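The data block below is model08.cif; it holds mmCIF, C-alpha atoms and all ligand atoms.
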data_entry
#
loop_
_atom_site.label_atom_id
_atom_site.label_comp_id
_atom_site.auth_asym_id
_atom_site.auth_seq_id
_atom_site.Cartn_x
_atom_site.Cartn_y
_atom_site.Cartn_z
CA MET A 1 -0.72 14.30 6.86
CA ARG A 2 -1.97 10.85 5.94
CA THR A 3 -5.41 9.80 7.18
CA TYR A 4 -5.81 6.72 9.33
CA TYR A 5 -7.64 3.83 7.69
CA ILE A 6 -9.20 1.18 9.93
CA ALA A 7 -10.67 -1.86 8.21
CA GLY A 8 -12.46 -4.89 9.61
CA ASN A 9 -11.93 -8.21 7.85
CA TRP A 10 -14.77 -10.41 9.03
CA LYS A 11 -13.25 -13.49 7.33
CA MET A 12 -15.57 -16.53 7.16
CA HIS A 13 -17.83 -15.40 9.98
CA LYS A 14 -21.41 -14.22 10.35
CA THR A 15 -24.74 -15.08 8.83
CA ARG A 16 -26.60 -12.25 7.15
CA ALA A 17 -28.54 -11.49 10.33
CA GLU A 18 -25.35 -11.38 12.40
CA ALA A 19 -23.60 -9.25 9.79
CA ALA A 20 -26.53 -6.85 9.68
CA ALA A 21 -26.54 -6.45 13.47
CA LEU A 22 -22.81 -5.67 13.54
CA ALA A 23 -23.00 -3.28 10.58
CA LYS A 24 -25.90 -1.39 12.20
CA ALA A 25 -24.03 -1.05 15.47
CA LEU A 26 -20.93 0.26 13.67
CA VAL A 27 -22.89 2.78 11.60
CA THR A 28 -24.38 4.19 14.80
CA ARG A 29 -21.27 4.12 16.94
CA LEU A 30 -18.80 5.35 14.33
CA LYS A 31 -20.92 8.09 12.83
CA ASP A 32 -18.70 10.79 14.32
CA GLY A 33 -15.50 8.83 13.73
CA LYS A 34 -12.62 10.83 12.32
CA HIS A 35 -10.84 8.21 10.25
CA LYS A 36 -11.46 6.19 7.09
CA TYR A 37 -13.43 3.01 7.83
CA LEU A 38 -14.20 -0.16 5.93
CA VAL A 39 -15.85 -3.47 6.71
CA ALA A 40 -15.31 -6.58 4.61
CA PRO A 41 -17.99 -9.22 5.21
CA SER A 42 -18.25 -12.57 3.43
CA PHE A 43 -19.64 -12.49 -0.11
CA THR A 44 -22.94 -13.86 1.19
CA ALA A 45 -23.49 -10.83 3.43
CA LEU A 46 -22.27 -8.11 1.06
CA GLU A 47 -25.70 -7.13 -0.22
CA THR A 48 -27.17 -7.01 3.29
CA VAL A 49 -24.31 -4.92 4.66
CA ALA A 50 -24.25 -2.68 1.56
CA ALA A 51 -27.79 -1.53 2.31
CA ILE A 52 -26.87 -0.73 5.92
CA VAL A 53 -23.61 1.18 5.34
CA LYS A 54 -24.91 3.10 2.32
CA GLY A 55 -24.68 6.84 3.00
CA SER A 56 -22.59 6.29 6.16
CA ASN A 57 -18.88 6.88 6.70
CA ILE A 58 -18.19 3.14 6.48
CA LEU A 59 -17.06 1.74 3.15
CA LEU A 60 -17.87 -1.74 1.90
CA GLY A 61 -15.07 -4.17 1.12
CA ALA A 62 -14.80 -7.69 -0.25
CA GLN A 63 -12.26 -10.21 1.00
CA ASN A 64 -11.19 -11.57 -2.37
CA MET A 65 -12.01 -11.51 -6.05
CA ALA A 66 -11.41 -13.65 -9.14
CA ALA A 67 -8.50 -12.85 -11.42
CA GLU A 68 -10.77 -12.98 -14.46
CA GLU A 69 -13.57 -10.60 -15.30
CA GLN A 70 -16.17 -13.30 -15.94
CA GLY A 71 -16.55 -16.72 -17.52
CA ALA A 72 -16.31 -20.40 -16.68
CA HIS A 73 -14.82 -20.13 -13.18
CA THR A 74 -17.00 -22.21 -10.89
CA GLY A 75 -17.06 -20.92 -7.35
CA GLU A 76 -15.35 -17.60 -8.09
CA VAL A 77 -16.76 -14.08 -7.70
CA SER A 78 -16.00 -11.42 -10.30
CA VAL A 79 -15.14 -7.76 -10.02
CA LEU A 80 -18.29 -6.93 -11.99
CA GLN A 81 -20.43 -8.78 -9.46
CA LEU A 82 -18.71 -6.99 -6.58
CA LYS A 83 -19.23 -3.58 -8.17
CA ASP A 84 -22.87 -4.47 -8.76
CA LEU A 85 -23.25 -4.94 -4.98
CA GLY A 86 -21.72 -1.57 -4.15
CA VAL A 87 -18.32 -2.85 -3.12
CA HIS A 88 -15.76 -0.04 -2.85
CA ALA A 89 -12.56 -1.93 -2.12
CA VAL A 90 -11.20 -5.44 -2.22
CA ILE A 91 -8.66 -7.13 0.04
CA LEU A 92 -6.14 -9.02 -2.10
CA GLY A 93 -3.22 -11.27 -1.25
CA HIS A 94 -4.35 -11.93 2.31
CA SER A 95 -2.00 -14.45 3.91
CA GLU A 96 -4.85 -16.95 4.22
CA ARG A 97 -5.28 -16.72 0.43
CA ARG A 98 -1.51 -16.98 -0.09
CA HIS A 99 -0.85 -19.85 2.26
CA ILE A 100 -4.05 -21.92 2.51
CA TYR A 101 -5.20 -21.39 -1.08
CA LYS A 102 -1.72 -21.10 -2.61
CA GLU A 103 -2.25 -17.77 -4.35
CA ASP A 104 1.08 -16.53 -5.71
CA ASN A 105 2.31 -13.04 -6.45
CA GLY A 106 1.48 -13.40 -10.16
CA LEU A 107 -2.16 -14.28 -9.50
CA ILE A 108 -2.49 -11.59 -6.85
CA ASN A 109 -1.04 -9.01 -9.23
CA LYS A 110 -3.56 -9.99 -11.90
CA LYS A 111 -6.35 -9.38 -9.38
CA VAL A 112 -4.83 -6.06 -8.30
CA GLN A 113 -4.68 -4.83 -11.87
CA LEU A 114 -8.22 -6.01 -12.65
CA ALA A 115 -9.70 -4.39 -9.54
CA LEU A 116 -7.98 -1.08 -10.29
CA TYR A 117 -9.00 -1.22 -13.94
CA HIS A 118 -12.62 -1.47 -12.80
CA GLY A 119 -12.29 1.45 -10.40
CA LEU A 120 -12.14 -0.40 -7.09
CA GLU A 121 -9.73 0.41 -4.29
CA VAL A 122 -7.35 -2.36 -3.25
CA ILE A 123 -5.90 -3.40 0.08
CA LEU A 124 -2.82 -5.41 -0.89
CA CYS A 125 -1.67 -7.63 1.97
CA VAL A 126 1.96 -8.56 2.45
CA GLY A 127 3.74 -10.28 5.30
CA GLU A 128 6.30 -12.86 6.26
CA LEU A 129 5.99 -16.29 7.86
CA LEU A 130 7.59 -16.91 11.26
CA SER A 131 10.32 -19.00 9.61
CA GLU A 132 11.07 -16.13 7.23
CA ARG A 133 11.28 -13.64 10.12
CA GLU A 134 13.58 -15.97 12.05
CA ALA A 135 15.78 -16.28 8.98
CA GLY A 136 16.09 -12.48 8.85
CA LYS A 137 14.08 -12.28 5.67
CA ALA A 138 11.01 -10.30 6.76
CA GLU A 139 11.92 -7.15 4.82
CA GLU A 140 12.93 -9.06 1.73
CA VAL A 141 9.68 -11.06 1.65
CA CYS A 142 7.57 -7.93 2.05
CA GLU A 143 9.62 -6.14 -0.59
CA THR A 144 9.11 -8.93 -3.12
CA GLN A 145 5.39 -9.18 -2.37
CA THR A 146 5.04 -5.41 -2.72
CA ILE A 147 7.00 -5.15 -5.97
CA GLN A 148 5.30 -8.13 -7.58
CA GLY A 149 1.87 -7.20 -6.25
CA LEU A 150 2.16 -3.71 -7.74
CA ALA A 151 3.70 -4.77 -11.07
CA GLY A 152 2.08 -2.89 -13.92
CA VAL A 153 0.13 -0.55 -11.62
CA ALA A 154 0.23 2.98 -13.03
CA ALA A 155 1.28 5.85 -10.79
CA ALA A 156 -2.13 7.43 -11.35
CA ASP A 157 -3.82 4.38 -9.81
CA LEU A 158 -1.59 4.12 -6.74
CA SER A 159 -3.82 6.47 -4.74
CA ARG A 160 -6.41 3.66 -4.78
CA VAL A 161 -3.97 1.17 -3.25
CA THR A 162 -3.43 0.62 0.47
CA ILE A 163 -0.80 -1.85 1.62
CA ALA A 164 -1.50 -3.95 4.69
CA TYR A 165 1.50 -5.40 6.48
CA GLU A 166 0.30 -8.54 8.22
CA PRO A 167 3.06 -10.71 9.67
CA VAL A 168 1.60 -14.20 9.32
CA TRP A 169 2.79 -15.25 12.77
CA ALA A 170 0.76 -12.44 14.36
CA ILE A 171 -2.56 -13.25 12.71
CA GLY A 172 -5.12 -14.72 15.07
CA THR A 173 -2.37 -15.76 17.49
CA GLY A 174 -2.57 -12.97 20.03
CA LYS A 175 1.07 -12.13 19.19
CA THR A 176 1.43 -8.62 17.87
CA ALA A 177 4.54 -7.29 16.20
CA SER A 178 6.01 -4.68 18.53
CA PRO A 179 5.19 -1.18 17.31
CA GLU A 180 8.92 -0.70 16.61
CA ASP A 181 9.29 -3.91 14.59
CA ALA A 182 6.10 -3.21 12.65
CA ASP A 183 7.17 0.37 11.96
CA ALA A 184 10.53 -0.80 10.64
CA ILE A 185 8.82 -3.02 8.08
CA HIS A 186 6.35 -0.26 7.21
CA ALA A 187 9.26 2.10 6.63
CA SER A 188 10.96 -0.41 4.36
CA ILE A 189 7.73 -0.92 2.38
CA ARG A 190 7.45 2.85 2.02
CA GLN A 191 10.99 2.90 0.65
CA VAL A 192 10.06 0.27 -1.90
CA VAL A 193 7.13 2.43 -2.99
CA ALA A 194 9.48 5.43 -3.19
CA ARG A 195 11.81 3.49 -5.47
CA LEU A 196 8.90 2.45 -7.69
CA TYR A 197 6.79 5.63 -7.70
CA GLY A 198 8.83 8.43 -6.18
CA ALA A 199 9.05 10.08 -2.78
CA GLU A 200 5.72 11.90 -2.89
CA ALA A 201 3.70 8.79 -3.73
CA ALA A 202 5.53 6.97 -0.94
CA GLN A 203 4.66 9.70 1.55
CA GLN A 204 1.01 9.48 0.58
CA ILE A 205 0.40 5.74 0.44
CA LEU A 206 -1.41 4.30 3.45
CA ILE A 207 0.17 1.26 5.09
CA GLN A 208 -2.04 -0.60 7.55
CA TYR A 209 -0.81 -3.02 10.18
CA GLY A 210 -2.68 -6.27 10.76
CA GLY A 211 -2.16 -9.11 13.22
CA SER A 212 -3.83 -9.28 16.62
CA VAL A 213 -4.74 -5.58 16.71
CA LYS A 214 -6.86 -5.05 19.83
CA PRO A 215 -8.30 -2.06 21.68
CA ASP A 216 -5.35 -2.09 24.08
CA ASN A 217 -2.56 -2.05 21.49
CA ALA A 218 -4.10 0.03 18.69
CA ALA A 219 -2.96 3.44 19.94
CA GLN A 220 0.68 2.40 20.38
CA LEU A 221 0.77 0.96 16.88
CA MET A 222 -0.91 4.01 15.31
CA ALA A 223 1.51 6.34 17.09
CA LYS A 224 4.31 5.06 14.88
CA GLU A 225 5.34 7.24 11.98
CA HIS A 226 4.72 4.73 9.20
CA ILE A 227 1.64 2.94 10.58
CA ASP A 228 -1.44 4.48 8.98
CA GLY A 229 -4.20 2.24 10.19
CA ALA A 230 -5.17 -1.33 10.89
CA LEU A 231 -6.61 -4.35 9.16
CA VAL A 232 -8.42 -6.05 12.01
CA GLY A 233 -9.60 -9.66 12.12
CA GLY A 234 -10.85 -11.17 15.37
CA ALA A 235 -11.46 -7.85 17.11
CA ALA A 236 -13.52 -6.65 14.13
CA LEU A 237 -16.22 -9.23 14.84
CA LYS A 238 -17.74 -7.28 17.73
CA ALA A 239 -18.64 -3.61 17.87
CA ASP A 240 -17.35 -3.48 21.45
CA THR A 241 -13.83 -4.32 20.30
CA PHE A 242 -13.81 -2.74 16.82
CA VAL A 243 -15.18 0.66 17.86
CA PRO A 244 -12.38 1.42 20.37
CA ILE A 245 -9.79 0.48 17.74
CA ALA A 246 -11.54 2.67 15.18
CA GLN A 247 -11.60 5.53 17.68
CA PHE A 248 -8.14 4.98 19.14
CA GLN A 249 -6.80 7.96 21.04
P1 LIG B 1 -6.43 -10.93 13.63
O1 LIG B 1 -6.73 -9.49 13.95
O2 LIG B 1 -7.50 -11.88 14.06
O3 LIG B 1 -5.07 -11.32 14.05
O4 LIG B 1 -6.45 -11.01 12.00
C1 LIG B 1 -5.72 -10.13 11.26
C2 LIG B 1 -6.07 -10.30 9.84
O5 LIG B 1 -5.74 -11.29 9.22
C3 LIG B 1 -6.86 -9.24 9.21
O6 LIG B 1 -6.90 -9.41 7.83
#
Please re-express this file's structure in structure tokens.
Amino acid sequence: MRTYYIAGNWKMHKTRAEAAALAKALVTRLKDGKHKYLVAPSFTALETVAAIVKGSNILLGAQNMAAEEQGAHTGEVSVLQLKDLGVHAVILGHSERRHIYKEDNGLINKKVQLALYHGLEVILCVGELLSEREAGKAEEVCETQTIQGLAGVAAADLSRVTIAYEPVWAIGTGKTASPEDADAIHASIRQVVARLYGAEAAQQILIQYGGSVKPDNAAQLMAKEHIDGALVGGAALKADTFVPIAQFQ
């Protein structure tokens, strides 16, 4: 049985005080939660939130990371700096990084390999644009992003990788992929992992769904065979909406 993994991506929201208030509420309200939990605040709030979630059942995540270890990279944040703050996992290849900041599969793969090399867990995001879905290419796009994102990743490191399927057209739009459509893509991603790493690794890898996950659709999504959790954006910004997702029944 795979565990469920519910992660909150706070994106570019919250001052330190706001982040602290949310993190405190989550620590209290999720303390008896049964699943794996992570919150990913902005870089500026990582240290604040690290102190609050320390010793709790909520892991600390970062939303991005530089592809280089250190050096002359103005404005970037390195894996060493993230580890220094107590970061456990890093979200890589988010569609906002791919499409607004033009990160390609090669760059994302470099980050994946660097994060794993330094012992972090990775949430590797994949997902198609609306035009790609309408052209019947959703599976193919996710397959390519998965294969290229995982290039060079050793089988022994795969247990520290979660894949998040986030159809771009469902992010922040209120449109959710139907549980059936999402599950079909999850199943195809699992097949790709099986081809690359074998059936057992494919059975074990966690594949989150992201894109307008809300308290009222979480349970239907999670009921699907290949959906192992959620990467939540908007609804992760308030304890009142994140907690019911994290404790879906
Ligand atoms: P929303 O839940 O706001 O659609 O965002 C999803 C997402 O991008 C999480 O990484």
Check: Counting all atoms listed in the file, what residues are within 6 Å of ligand LIG 1 (chain B), given as JSON, numbers by chain?
Finding: {"A": [9, 170, 171, 172, 210, 211, 212, 213, 231, 232, 233, 234, 235]}
Next item on the list: Quick one: pull the distance between atom CA of Pro167 of chain A and atom CA of Glu128 of chain A, Å, one decimal.
Entry: 5.2 Å
Determine the axis-aligned bounding box of all atoms of segment 177-195 of chain A present in the file, pad each side by 5 Å, and express its centre and edge lengths in Å to one decimal place as lines of an AutoDock Vina configuration file.
center_x = 8.2
center_y = -0.9
center_z = 6.5
size_x = 17.3
size_y = 22.7
size_z = 34.0
Margin query: I'd like the contact shell of Gly106 of chain A - 12 Å cut-off, all atoms listed in the file, skipping same-chain residues fewer than 2 positions apart - returned as number ranges by chain.
Written below: A: 67, 92-93, 98, 102-104, 108-113, 144-152
Notebook entry, point to check: Can you list, as a PyMOL selection string, every protein, DNA or RNA residue that comes within 12 Å of Ala230 of chain A when you count only C-alpha atoms, leaving out same-chain residues fewer than 5 positions away?
Noted result: chain A and resi 3-9+35-39+123+125+162-166+182+206-215+217-223+235-236+242+245-248
Any chance you could export the current selection's C-alpha atoms as a PDB file, in the frame of the given file?
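Heads up, here's the output in result_32.pdb:
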ATOM      1  CA  THR A   3      -5.410   9.800   7.180  1.00  0.00           C
ATOM      2  CA  TYR A   4      -5.810   6.720   9.330  1.00  0.00           C
ATOM      3  CA  TYR A   5      -7.640   3.830   7.690  1.00  0.00           C
ATOM      4  CA  ILE A   6      -9.200   1.180   9.930  1.00  0.00           C
ATOM      5  CA  ALA A   7     -10.670  -1.860   8.210  1.00  0.00           C
ATOM      6  CA  GLY A   8     -12.460  -4.890   9.610  1.00  0.00           C
ATOM      7  CA  ASN A   9     -11.930  -8.210   7.850  1.00  0.00           C
ATOM      8  CA  HIS A  35     -10.840   8.210  10.250  1.00  0.00           C
ATOM      9  CA  LYS A  36     -11.460   6.190   7.090  1.00  0.00           C
ATOM     10  CA  TYR A  37     -13.430   3.010   7.830  1.00  0.00           C
ATOM     11  CA  LEU A  38     -14.200  -0.160   5.930  1.00  0.00           C
ATOM     12  CA  VAL A  39     -15.850  -3.470   6.710  1.00  0.00           C
ATOM     13  CA  ILE A 123      -5.900  -3.400   0.080  1.00  0.00           C
ATOM     14  CA  CYS A 125      -1.670  -7.630   1.970  1.00  0.00           C
ATOM     15  CA  THR A 162      -3.430   0.620   0.470  1.00  0.00           C
ATOM     16  CA  ILE A 163      -0.800  -1.850   1.620  1.00  0.00           C
ATOM     17  CA  ALA A 164      -1.500  -3.950   4.690  1.00  0.00           C
ATOM     18  CA  TYR A 165       1.500  -5.400   6.480  1.00  0.00           C
ATOM     19  CA  GLU A 166       0.300  -8.540   8.220  1.00  0.00           C
ATOM     20  CA  ALA A 182       6.100  -3.210  12.650  1.00  0.00           C
ATOM     21  CA  LEU A 206      -1.410   4.300   3.450  1.00  0.00           C
ATOM     22  CA  ILE A 207       0.170   1.260   5.090  1.00  0.00           C
ATOM     23  CA  GLN A 208      -2.040  -0.600   7.550  1.00  0.00           C
ATOM     24  CA  TYR A 209      -0.810  -3.020  10.180  1.00  0.00           C
ATOM     25  CA  GLY A 210      -2.680  -6.270  10.760  1.00  0.00           C
ATOM     26  CA  GLY A 211      -2.160  -9.110  13.220  1.00  0.00           C
ATOM     27  CA  SER A 212      -3.830  -9.280  16.620  1.00  0.00           C
ATOM     28  CA  VAL A 213      -4.740  -5.580  16.710  1.00  0.00           C
ATOM     29  CA  LYS A 214      -6.860  -5.050  19.830  1.00  0.00           C
ATOM     30  CA  PRO A 215      -8.300  -2.060  21.680  1.00  0.00           C
ATOM     31  CA  ASN A 217      -2.560  -2.050  21.490  1.00  0.00           C
ATOM     32  CA  ALA A 218      -4.100   0.030  18.690  1.00  0.00           C
ATOM     33  CA  ALA A 219      -2.960   3.440  19.940  1.00  0.00           C
ATOM     34  CA  GLN A 220       0.680   2.400  20.380  1.00  0.00           C
ATOM     35  CA  LEU A 221       0.770   0.960  16.880  1.00  0.00           C
ATOM     36  CA  MET A 222      -0.910   4.010  15.310  1.00  0.00           C
ATOM     37  CA  ALA A 223       1.510   6.340  17.090  1.00  0.00           C
ATOM     38  CA  ALA A 235     -11.460  -7.850  17.110  1.00  0.00           C
ATOM     39  CA  ALA A 236     -13.520  -6.650  14.130  1.00  0.00           C
ATOM     40  CA  PHE A 242     -13.810  -2.740  16.820  1.00  0.00           C
ATOM     41  CA  ILE A 245      -9.790   0.480  17.740  1.00  0.00           C
ATOM     42  CA  ALA A 246     -11.540   2.670  15.180  1.00  0.00           C
ATOM     43  CA  GLN A 247     -11.600   5.530  17.680  1.00  0.00           C
ATOM     44  CA  PHE A 248      -8.140   4.980  19.140  1.00  0.00           C
TER      45      PHE A 248
END
Item checked: Atomic distance atom CA of Asp216 of chain A - atom CA of Thr176 of chain A, expressed in Å with one decimal -> 11.3 Å
Note to self: For a test of reading the model, state the distance in Å between atom CA of Ala155 of chain A and atom CA of Ala201 of chain A, rounded to one decimal.
What the structure shows: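 Here the two named atoms are 8.0 Å from each other.
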Check: Which one is closest to Asp183 of chain A: A:Glu18, A:Glu132, A:Glu225, A:Asp84? Count all atoms listed in the file.
Finding: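 With all atoms listed in the file as the atom set, the closest residue is A:Glu225.
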Note to self: With 7 Å as the threshold, what does the neighbourhood of (-12.0, 3.8, -2.8) contain in terms of residues, counting all atoms listed in the file? Coordinates are those of the file; answer as a ChimeraX atom specification.
What the structure shows: /A:88-89,120-121,160
Would you save the residues from that selection as a compact mmCIF listing (two decimals), in the frame of the given file, using C-alpha atoms?
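Saved file selection.txt follows:
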# COMPACT_ATOMS: atom_id res chain seq x y z
CA HIS A 88 -15.76 -0.04 -2.85
CA ALA A 89 -12.56 -1.93 -2.12
CA LEU A 120 -12.14 -0.40 -7.09
CA GLU A 121 -9.73 0.41 -4.29
CA ARG A 160 -6.41 3.66 -4.78
Margin query: I need the residue nearest Ile91 of chain A from this list: A:Asn57, A:Ser159, A:Asn64, A:Gln204. Use all atoms listed in the file for the distance.
Written below: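 Of A:Asn57, A:Ser159, A:Asn64, A:Gln204, the one nearest Ile91 of chain A is A:Asn64, counting all atoms listed in the file.
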Margin query: With distances taken over only C-alpha atoms, which residue among A:Leu114, A:Met65, A:Ala135, A:Val168 lies nearest Val77 of chain A?
Written below: A:Met65
Next item on the list: Compile the contact shell of Ser56 of chain A as a PyMOL selection string: residues with an atom at most 10 Å away, counting all atoms listed in the file, same-chain residues fewer than 6 positions apart removed.
Entry: chain A and resi 26-28+30-31+37
